[in-house]
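File shown here: coords.cif, holding mmCIF, C-alpha atoms.
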data_work
loop_
_atom_site.label_atom_id
_atom_site.label_comp_id
_atom_site.auth_asym_id
_atom_site.auth_seq_id
_atom_site.Cartn_x
_atom_site.Cartn_y
_atom_site.Cartn_z
CA MET A 14 -53.82 33.80 61.08
CA SER A 15 -50.41 34.00 62.78
CA PHE A 16 -49.98 30.25 62.15
CA VAL A 17 -50.62 30.88 58.43
CA VAL A 18 -47.91 33.55 58.38
CA GLY A 19 -45.49 31.12 60.05
CA LEU A 20 -46.39 28.43 57.53
CA PHE A 21 -45.90 30.89 54.67
CA ALA A 22 -42.44 31.77 56.03
CA ALA A 23 -41.63 28.03 56.18
CA VAL A 24 -42.64 27.66 52.52
CA MET A 25 -40.32 30.58 51.69
CA PHE A 26 -37.57 28.74 53.57
CA ALA A 27 -38.24 25.54 51.59
CA LEU A 28 -37.74 27.55 48.38
CA LEU A 29 -34.76 29.65 49.49
CA ALA A 30 -32.74 26.87 51.15
CA PRO A 31 -32.32 24.64 48.05
CA ALA A 32 -31.76 27.74 45.90
CA LEU A 33 -28.86 28.73 48.18
CA GLN A 34 -27.41 25.18 48.08
CA LEU A 35 -27.51 25.17 44.28
CA MET A 36 -26.03 28.68 44.02
CA ALA A 37 -23.27 27.76 46.47
CA ARG A 38 -22.31 24.77 44.35
CA ALA A 39 -22.55 26.65 41.05
CA ARG A 40 -20.55 29.65 42.24
CA GLY A 41 -18.09 27.77 44.45
CA TRP A 42 -19.04 29.50 47.71
CA THR A 43 -17.03 28.31 50.69
CA LEU A 44 -20.03 28.41 53.06
CA GLY A 45 -21.03 24.98 54.35
CA ALA A 46 -24.45 23.39 53.82
CA VAL A 47 -25.47 23.91 57.46
CA MET A 48 -24.46 27.58 57.37
CA LEU A 49 -26.60 28.07 54.25
CA LEU A 50 -29.58 26.47 56.01
CA ALA A 51 -29.07 28.81 58.97
CA ILE A 52 -28.93 31.86 56.68
CA ALA A 53 -32.13 30.77 54.90
CA ALA A 54 -33.86 30.23 58.26
CA ILE A 55 -32.86 33.65 59.65
CA VAL A 56 -33.82 35.52 56.47
CA THR A 57 -37.21 33.83 56.04
CA HIS A 58 -38.02 34.10 59.75
CA GLY A 59 -37.31 37.83 59.59
CA LEU A 60 -39.45 38.22 56.47
CA GLY A 61 -42.25 36.20 58.09
CA VAL A 62 -42.25 38.41 61.20
CA MET A 63 -42.34 41.57 59.07
CA LEU A 64 -45.19 40.15 57.01
CA GLY A 65 -47.08 39.26 60.19
CA ILE A 66 -46.66 42.75 61.64
CA PHE A 67 -48.00 44.39 58.46
CA VAL A 68 -50.76 41.91 57.57
CA VAL A 69 -52.16 40.57 60.89
CA THR A 70 -53.68 43.09 63.30
CA GLN A 71 -53.06 40.96 66.42
CA PHE A 72 -49.94 39.10 65.30
CA GLN A 73 -49.00 36.39 67.79
CA TYR A 74 -45.24 35.92 67.42
CA TRP A 75 -45.02 32.52 69.15
CA ASP A 76 -47.86 31.01 67.10
CA ALA A 77 -45.99 31.91 63.91
CA ALA A 78 -42.57 30.99 65.32
CA SER A 79 -43.78 27.57 66.56
CA ILE A 80 -45.06 26.32 63.20
CA PHE A 81 -42.13 27.94 61.37
CA GLY A 82 -39.63 26.28 63.71
CA PHE A 83 -41.36 22.91 63.41
CA CYS A 84 -41.45 22.94 59.59
CA VAL A 85 -37.88 24.24 59.26
CA MET A 86 -36.57 21.66 61.72
CA GLY A 87 -38.49 18.96 59.82
CA TYR A 88 -36.75 20.13 56.65
CA VAL A 89 -33.33 20.12 58.36
CA PHE A 90 -34.10 16.68 59.79
CA ALA A 91 -34.88 15.29 56.32
CA PHE A 92 -31.83 17.10 54.90
CA GLY A 93 -29.59 15.60 57.58
CA ALA A 94 -31.03 12.11 57.04
CA VAL A 95 -30.09 12.05 53.36
CA TYR A 96 -26.93 14.21 53.56
CA LYS A 97 -23.88 11.93 53.72
CA SER A 98 -25.74 8.92 55.14
CA VAL A 99 -23.56 5.83 54.78
CA SER A 100 -26.52 3.41 54.87
CA LEU A 101 -28.47 5.36 52.24
CA ASP A 102 -25.36 5.70 50.05
CA ILE A 103 -25.08 1.89 50.08
CA LEU A 104 -28.80 1.52 49.25
CA LEU A 105 -28.60 4.05 46.40
CA SER A 106 -25.49 2.42 44.95
CA VAL A 107 -27.31 -0.94 44.80
CA ILE A 108 -30.40 0.65 43.20
CA HIS A 109 -28.26 2.42 40.59
CA ARG A 110 -26.75 -0.86 39.34
CA PRO A 111 -28.48 -2.17 36.21
CA GLU A 112 -29.03 -5.60 37.81
CA ARG A 113 -30.10 -4.01 41.15
CA ARG A 114 -27.86 -6.40 43.04
CA ALA A 115 -24.42 -5.88 44.56
CA PRO A 116 -21.92 -8.42 45.89
CA LEU A 117 -21.33 -7.85 49.61
CA SER A 118 -17.59 -8.16 49.03
CA ASP A 119 -17.75 -5.22 46.60
CA ILE A 120 -19.41 -3.02 49.24
CA VAL A 121 -16.97 -4.05 51.96
CA GLU A 122 -13.82 -3.88 49.83
CA ARG A 123 -14.58 -1.01 47.48
CA GLN A 124 -17.54 1.20 48.39
CA VAL A 125 -17.06 1.65 52.14
CA PRO A 126 -13.28 2.28 51.86
CA ALA A 127 -14.13 4.91 49.19
CA LEU A 128 -16.63 6.52 51.60
CA PHE A 129 -13.97 6.34 54.32
CA GLN A 130 -11.46 8.16 52.10
CA GLY A 131 -14.10 10.73 51.11
CA ARG A 132 -14.76 11.59 54.76
CA ILE A 133 -11.04 11.87 55.42
CA GLY A 134 -10.94 14.30 52.51
CA ASN A 135 -13.69 16.33 54.21
CA LEU A 136 -11.70 16.43 57.45
CA VAL A 137 -8.57 17.56 55.58
CA ASP A 138 -10.51 20.20 53.61
CA SER A 139 -12.02 21.60 56.80
CA GLY A 140 -8.57 21.93 58.39
CA LEU A 141 -9.19 19.39 61.17
CA VAL A 142 -6.72 16.83 59.84
CA GLU A 143 -3.50 17.23 57.84
CA PRO A 144 -1.60 14.70 55.75
CA VAL A 145 1.95 14.11 56.98
CA ASP A 146 3.86 12.06 54.40
CA SER A 147 1.82 8.86 54.14
CA HIS A 148 0.19 9.48 57.54
CA PHE A 149 -2.64 11.67 58.84
CA ALA A 150 -2.47 13.82 61.98
CA ALA A 151 -5.08 15.93 63.73
CA THR A 152 -4.46 19.69 63.64
CA ALA A 153 -4.85 21.87 66.75
CA ALA A 154 -8.42 22.70 65.65
CA GLY A 155 -9.14 19.00 65.15
CA ARG A 156 -7.82 18.14 68.62
CA THR A 157 -9.90 20.90 70.20
CA LEU A 158 -13.07 19.73 68.43
CA ALA A 159 -12.39 16.08 69.29
CA GLY A 160 -11.85 17.06 72.94
CA ARG A 161 -15.20 18.86 73.06
CA VAL A 162 -16.98 15.99 71.34
CA GLY A 163 -15.43 13.57 73.86
CA GLN A 164 -16.63 15.71 76.78
CA LEU A 165 -20.18 15.86 75.38
CA ARG A 166 -20.21 12.11 74.71
CA ARG A 167 -19.13 11.39 78.27
CA ALA A 168 -21.71 13.81 79.68
CA PHE A 169 -24.54 12.26 77.65
CA GLY A 170 -23.31 8.69 78.21
CA ILE A 171 -22.71 8.10 74.51
CA GLY A 172 -20.13 5.56 73.31
CA ASP A 173 -17.42 6.54 70.85
CA THR A 174 -17.78 3.83 68.19
CA SER A 175 -20.54 5.45 66.05
CA LEU A 176 -21.97 1.96 65.56
CA TYR A 177 -25.69 1.36 65.87
CA ASP A 178 -26.60 -0.58 68.98
CA PHE A 179 -29.30 -3.01 67.80
CA SER A 180 -29.94 -4.34 71.29
CA ASP A 181 -31.19 -0.81 72.01
CA MET B 3 -47.41 42.28 67.72
CA ASN B 4 -47.68 40.13 70.85
CA MET B 5 -44.29 38.67 71.78
CA LEU B 6 -45.55 36.92 74.91
CA PRO B 7 -46.10 33.15 74.60
CA GLY B 8 -49.33 31.63 75.93
CA PRO B 9 -49.15 29.56 79.15
CA ALA B 10 -48.88 26.23 77.31
CA GLN B 11 -46.31 27.67 74.90
CA ALA B 12 -44.28 29.02 77.84
CA ALA B 13 -44.37 25.54 79.39
CA ALA B 14 -43.23 24.04 76.08
CA ILE B 15 -40.32 26.52 75.85
CA GLY B 16 -39.27 25.60 79.39
CA LEU B 17 -39.53 21.88 78.65
CA SER B 18 -37.55 22.34 75.41
CA VAL B 19 -34.69 23.79 77.46
CA ALA B 20 -35.12 20.98 79.99
CA LEU B 21 -34.83 18.17 77.39
CA PRO B 22 -30.99 18.18 77.12
CA LEU B 23 -30.78 18.51 80.91
CA LEU B 24 -33.09 15.52 81.28
CA LEU B 25 -30.90 13.54 78.86
CA LEU B 26 -27.87 14.44 81.00
CA CYS B 27 -29.69 13.11 84.07
CA TYR B 28 -30.81 9.91 82.32
CA ALA B 29 -27.19 9.31 81.25
CA ARG B 30 -26.42 8.79 84.93
CA ILE B 31 -29.10 6.13 85.35
CA ALA B 32 -27.92 2.77 84.01
CA ALA B 33 -31.47 1.38 83.79
CA THR B 34 -32.35 3.89 81.05
CA GLY B 35 -30.42 1.73 78.51
CA GLY B 36 -28.46 2.77 75.42
CA SER B 37 -28.31 6.16 73.68
CA GLY B 38 -31.30 5.62 71.39
CA ARG B 39 -33.57 4.27 74.11
CA ARG B 40 -32.53 7.06 76.47
CA PHE B 41 -33.39 9.69 73.86
CA ARG B 42 -36.83 8.17 73.27
CA LEU B 43 -37.39 8.07 77.02
CA GLY B 44 -36.44 11.76 77.26
CA CYS B 45 -38.97 12.67 74.53
CA VAL B 46 -41.76 10.64 76.12
CA SER B 47 -41.02 12.25 79.51
CA ILE B 48 -41.15 15.75 78.03
CA ILE B 49 -44.49 15.04 76.29
CA ALA B 50 -45.90 13.64 79.56
CA PHE B 51 -44.74 16.74 81.45
CA TYR B 52 -46.33 18.93 78.78
CA ALA B 53 -49.66 17.08 79.11
CA ILE B 54 -49.49 17.53 82.89
CA ALA B 55 -48.68 21.23 82.46
CA CYS B 56 -51.65 21.70 80.11
CA ILE B 57 -53.97 20.17 82.72
CA ALA B 58 -52.40 21.76 85.79
CA LEU B 59 -51.86 25.33 84.57
CA PRO B 60 -54.56 27.73 85.82
CA GLY B 61 -57.14 29.14 83.38
CA GLN B 62 -58.82 27.65 80.33
CA ARG B 63 -56.55 26.23 77.59
CA ARG B 64 -56.77 27.77 74.14
CA PHE B 65 -56.36 25.44 71.16
CA ASP B 66 -53.83 27.68 69.37
CA ASP B 67 -51.76 27.93 72.56
CA VAL B 68 -51.63 24.13 73.03
CA LEU B 69 -50.98 23.53 69.32
CA GLY B 70 -48.17 26.11 69.29
CA GLY B 71 -46.67 24.41 72.36
CA LEU B 72 -46.74 21.04 70.61
CA PHE B 73 -44.97 22.55 67.58
CA LEU B 74 -42.32 24.05 69.87
CA LEU B 75 -41.79 20.71 71.62
CA GLY B 76 -41.53 18.94 68.26
CA THR B 77 -38.97 21.51 67.11
CA ALA B 78 -36.88 21.02 70.25
CA MET B 79 -37.00 17.22 69.95
CA MET B 80 -35.88 17.24 66.31
CA PHE B 81 -33.13 19.78 67.05
CA CYS B 82 -31.83 17.73 69.98
CA TYR B 83 -32.07 14.52 67.95
CA ILE B 84 -29.97 15.99 65.13
CA LEU B 85 -27.19 16.95 67.57
CA PHE B 86 -27.55 13.76 69.63
CA SER B 87 -27.38 11.49 66.57
CA LEU B 88 -24.34 13.39 65.30
CA LEU B 89 -22.59 12.69 68.60
CA ALA B 90 -23.74 9.08 68.79
CA TRP B 91 -23.59 7.89 65.19
CA GLY B 92 -21.58 10.53 63.32
CA PHE B 93 -19.12 8.78 61.01
CA THR B 94 -16.84 11.73 60.22
CA LEU B 95 -16.80 13.00 63.80
CA THR B 96 -15.85 9.55 65.12
CA LEU B 97 -13.07 9.31 62.53
CA LEU B 98 -11.64 12.51 64.00
CA THR B 99 -11.96 11.40 67.63
CA ALA B 100 -10.36 8.04 66.79
CA LEU B 101 -7.36 9.79 65.22
CA VAL B 102 -6.95 12.11 68.22
CA GLN B 103 -7.31 9.23 70.69
CA ALA B 104 -4.54 7.35 68.87
CA GLY B 105 -2.21 10.19 69.90
CA ARG B 106 0.07 9.85 66.85
CA PRO B 107 -0.16 10.19 63.05
CA LEU B 108 -1.77 7.15 61.43
CA THR B 109 -1.77 5.66 57.97
CA LEU B 110 -5.12 5.08 56.26
CA GLU B 111 -5.14 1.42 57.29
CA GLN B 112 -4.11 2.17 60.89
CA TRP B 113 -6.80 4.85 61.06
CA ALA B 114 -9.46 2.36 59.93
CA VAL B 115 -8.34 -0.06 62.67
CA ALA B 116 -8.29 2.74 65.29
CA TYR B 117 -11.74 3.88 64.17
CA MET B 118 -13.15 0.38 64.59
CA GLN B 119 -11.23 -0.04 67.89
CA GLY B 120 -9.43 -3.12 66.64
CA GLY B 121 -12.04 -4.22 64.12
CA ASP B 122 -12.03 -3.42 60.43
CA LEU B 123 -14.22 -1.57 57.96
CA GLY B 124 -16.06 -4.84 57.31
CA THR B 125 -17.49 -4.68 60.85
CA PHE B 126 -18.62 -1.12 60.20
CA THR B 127 -20.18 -2.10 56.86
CA HIS B 128 -22.07 -5.00 58.40
CA ASN B 129 -23.33 -2.71 61.18
CA ARG B 130 -24.77 -0.25 58.63
CA LEU B 131 -26.12 -3.10 56.49
CA LYS B 132 -27.87 -4.51 59.55
CA LEU B 133 -29.81 -1.25 59.70
CA LEU B 134 -30.89 -1.60 56.05
CA VAL B 135 -31.75 -5.30 56.50
CA GLY B 136 -33.53 -4.67 59.82
CA ALA B 137 -35.62 -1.92 58.23
CA GLY B 138 -36.60 -4.29 55.44
CA MET B 139 -34.92 -2.19 52.74
CA VAL B 140 -32.51 -4.87 51.49
CA ILE B 141 -32.09 -8.62 51.72
CA THR B 142 -28.81 -10.50 51.69
CA ALA B 143 -28.62 -13.83 49.93
CA ASP B 144 -25.77 -15.75 48.29
CA GLY B 145 -23.27 -13.06 49.24
CA SER B 146 -25.26 -10.37 47.44
CA LEU B 147 -27.35 -7.42 48.47
CA THR B 148 -30.75 -6.96 46.80
CA PRO B 149 -33.19 -4.11 47.51
CA THR B 150 -36.77 -4.94 48.48
CA ALA B 151 -39.80 -3.03 47.12
CA LYS B 152 -39.64 -0.94 50.30
CA GLY B 153 -35.94 -0.25 49.69
CA VAL B 154 -36.67 0.91 46.13
CA ALA B 155 -39.45 3.21 47.42
CA ILE B 156 -37.15 4.63 50.12
CA ALA B 157 -34.38 5.16 47.55
CA ARG B 158 -36.82 7.10 45.33
CA LEU B 159 -37.87 9.18 48.32
CA VAL B 160 -34.23 9.87 49.19
CA LYS B 161 -33.53 10.96 45.60
CA PHE B 162 -36.59 13.25 45.73
CA VAL B 163 -35.50 14.77 49.06
CA ARG B 164 -31.94 15.25 47.77
CA LEU B 165 -33.26 16.92 44.63
CA SER B 166 -35.76 19.16 46.44
CA THR B 167 -33.25 20.25 49.09
CA GLY B 168 -30.66 21.20 46.48
CA LEU B 169 -28.30 18.31 47.23
CA GLY B 170 -28.75 16.94 43.72
#
File written out as structure tokens:
Amino acid sequence: MSFVVGLFAAVMFALLAPALQLMARARGWTLGAVMLLAIAAIVTHGLGVMLGIFVVTQFQYWDAASIFGFCVMGYVFAFGAVYKSVSLDILLSVIHRPERRAPLSDIVERQVPALFQGRIGNLVDSGLVEPVDSHFAATAAGRTLAGRVGQLRRAFGIGDTSLYDFSD
Amino acid sequence: MNMLPGPAQAAAIGLSVALPLLLLCYARIAATGGSGRRFRLGCVSIIAFYAIACIALPGQRRFDDVLGGLFLLGTAMMFCYILFSLLAWGFTLTLLTALVQAGRPLTLEQWAVAYMQGGDLGTFTHNRLKLLVGAGMVITADGSLTPTAKGVAIARLVKFVRLSTGLG
């Protein structure tokens, strides 16, 4: 029964999380997508635990938490896979064309540079990079974050190209 | 309410904490291969340790305890993968680290070259396209990109996930 309560809380999360994303966009909230997911997870987990305490006589917290965590992380995993994926953006742009075909040159010369500029815009908006005349420079916050990312990459033996290694 | 995890769940919680530590250790062993392979190896190791723990722990195993443990392990693996993939293949994050590594303000074009470590955005595009082609989602012929039936199905799934998670 505790598993059912955890599953019910996960369903509540799956309803609350998109509602929060839509409300954030409609009302211009400054909270990021990941923060909204975290809020939805905390709220629905709390509600699930309260429900379990009141409804199940021998409520097993870890049974409920395990299935809740698994479903929520599955949701976040799917969210992350489609959120700002360069490969999927390319696929969707080809599908959206009436002839369902795109010249490679168009993707290389137009679409990817546009994605590149969009991501730079994200970095500027989040205060990690600032435009200086016709140049871009990292802010103090950007340098700190980059330093931490570099340390983690070195510790985990990860390269710094962000390219997929197909020999892997 | 019982807040204590069962024996298998406790083992799963311990192994979940151990996963990033195991990845740190594997990073120091050259034979473990690239980032992706190393992560898969870490997951397989953790599942093997969990199976051993389920057999070796004293007392009879309860199904809900073992199932809860598997959910917890799955949660930890997905959580670690999200962070690991962000470090390894994150486009925006690598843009930032490339700018910081350059050590001076860069123009858009210089930034693209720094990001690709001497290459250009075409190299990056072909790397991401290789993923789509390798997964059988698109085919390239006569300088054009055409989606396969699988690619169209994936694109529909992506649109459904984007819609249902509030990304639009």
* Asked: Can you list, as a list of chain:residue names, the residues that the PyMOL selection byres ((chain B and resi 77) around 10) selects here?
  ->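 On this input, the PyMOL selection byres ((chain B and resi 77) around 10) captures A:Ser79, A:Ile80, A:Phe81, A:Gly82, A:Phe83, A:Cys84, A:Val85, A:Met86, A:Gly87, B:Ser18, B:Gly71, B:Leu72, B:Phe73, B:Leu74, B:Leu75, B:Gly76, B:Ala78, B:Met79, B:Met80, B:Phe81, B:Cys82, B:Tyr83.
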* To do: Taking the file as shown, find all residues satisfying the PyMOL selection byres ((chain A and resi 63) around 12) and write them as a PyMOL selection string.
  => (chain A and resi 15+18-19+22+56-62+64-69+72+74+77) or (chain B and resi 3)
* For the point (-24.2, 11.6, 75.2) in the file's frame, write as a ChimeraX atom specification all residues with an atom no more than 12 Å away, counting all atoms listed in the file. => /A:161-173,175 /B:22-30,36-41,82-83,85-91
* List the residues matched by the PyMOL selection byres ((chain A and resi 157) around 12) in the displayed structure as a list in words, ordered by chain and then by residue number. => Gly140, Leu141, Val142, Ala151, Thr152, Ala153, Ala154, Gly155, Arg156, Leu158, Ala159, Gly160, Arg161, Val162, Gly163 and Gln164 of chain A; Leu98, Thr99, Val102 and Gln103 of chain B
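For the pair CA of Ala32 (chain A) and CA of Ala94 (chain A), the separation is 19.2 Å.
Going from CA of Ala37 (chain A) over to CA of Tyr96 (chain A), you cover 15.7 Å.
We find CA of Ile15 (chain B) and CA of Arg63 (chain B) to be spaced 16.3 Å apart.
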* Of the candidates A:Ala51, A:Asp76, A:Asn135, A:Leu128, which shows the shortest atom-to-atom distance to Asp102 (chain A), using all atoms listed in the file? -> A:Leu128
* Asked: Of the residues B:Gln112, B:Gln119, B:Thr34, B:Thr167, which is the one nearest to chain A, using all atoms listed in the file?
  ->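 Closest to chain A, using all atoms listed in the file: B:Thr167.
Remark: for chain B, the closest of the candidate residues A:Ala127, A:Val137, A:Val17, A:Leu117 is A:Leu117 (distances computed over all atoms listed in the file).
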* Surrounding residues of Pro60 (chain B) excluding itself and chain neighbours under 3 positions, 12 Å, all atoms listed in the file, as a PyMOL selection string -> chain B and resi 8-10+54-57+63-64
Prev. selection, C-alpha atoms, output as a PDB file, in the frame of the given file:
ATOM      1  CA  GLY B   8     -49.330  31.630  75.930  1.00  0.00           C
ATOM      2  CA  PRO B   9     -49.150  29.560  79.150  1.00  0.00           C
ATOM      3  CA  ALA B  10     -48.880  26.230  77.310  1.00  0.00           C
ATOM      4  CA  ILE B  54     -49.490  17.530  82.890  1.00  0.00           C
ATOM      5  CA  ALA B  55     -48.680  21.230  82.460  1.00  0.00           C
ATOM      6  CA  CYS B  56     -51.650  21.700  80.110  1.00  0.00           C
ATOM      7  CA  ILE B  57     -53.970  20.170  82.720  1.00  0.00           C
ATOM      8  CA  ARG B  63     -56.550  26.230  77.590  1.00  0.00           C
ATOM      9  CA  ARG B  64     -56.770  27.770  74.140  1.00  0.00           C
TER      10      ARG B  64
END
* To do: Could you give me, as a ChimeraX atom specification, the residues that have an atom at most 12 Å away from the point (-36.4, 16.9, 55.4) in the coordinates of the file, using only C-alpha atoms?
  => /A:27,30-31,50,83-96 /B:80,84,159-169
* Asked: Of the candidates A:Trp75, A:Arg38, A:Ile108, A:Gly134, which one gets nearest to Ile156 (chain B) if we count all atoms listed in the file?
  ->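 Smallest separation from Ile156 (chain B) among the options: A:Ile108.
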* Structure fact -> Residue with the minimum atom-to-atom distance to Glu143 (chain A), picked from B:Leu101, B:Val46, B:Val68, B:Met5 with all atoms listed in the file counted, is B:Leu101
* **Among the residues A:Thr43, A:Ser106, A:Gln124, A:Ser147, the one that comes closest to chain B [using all atoms listed in the file]** => A:Ser147
Edge lengths and centre in Å to one decimal, as JSON, of the axis-aligned box that encloses all listed atoms of region 110-128 of chain B with 5 Å added on every side?
{"center_x": -13.1, "center_y": 0.0, "center_z": 62.1, "size_x": 28.0, "size_y": 20.1, "size_z": 21.6}
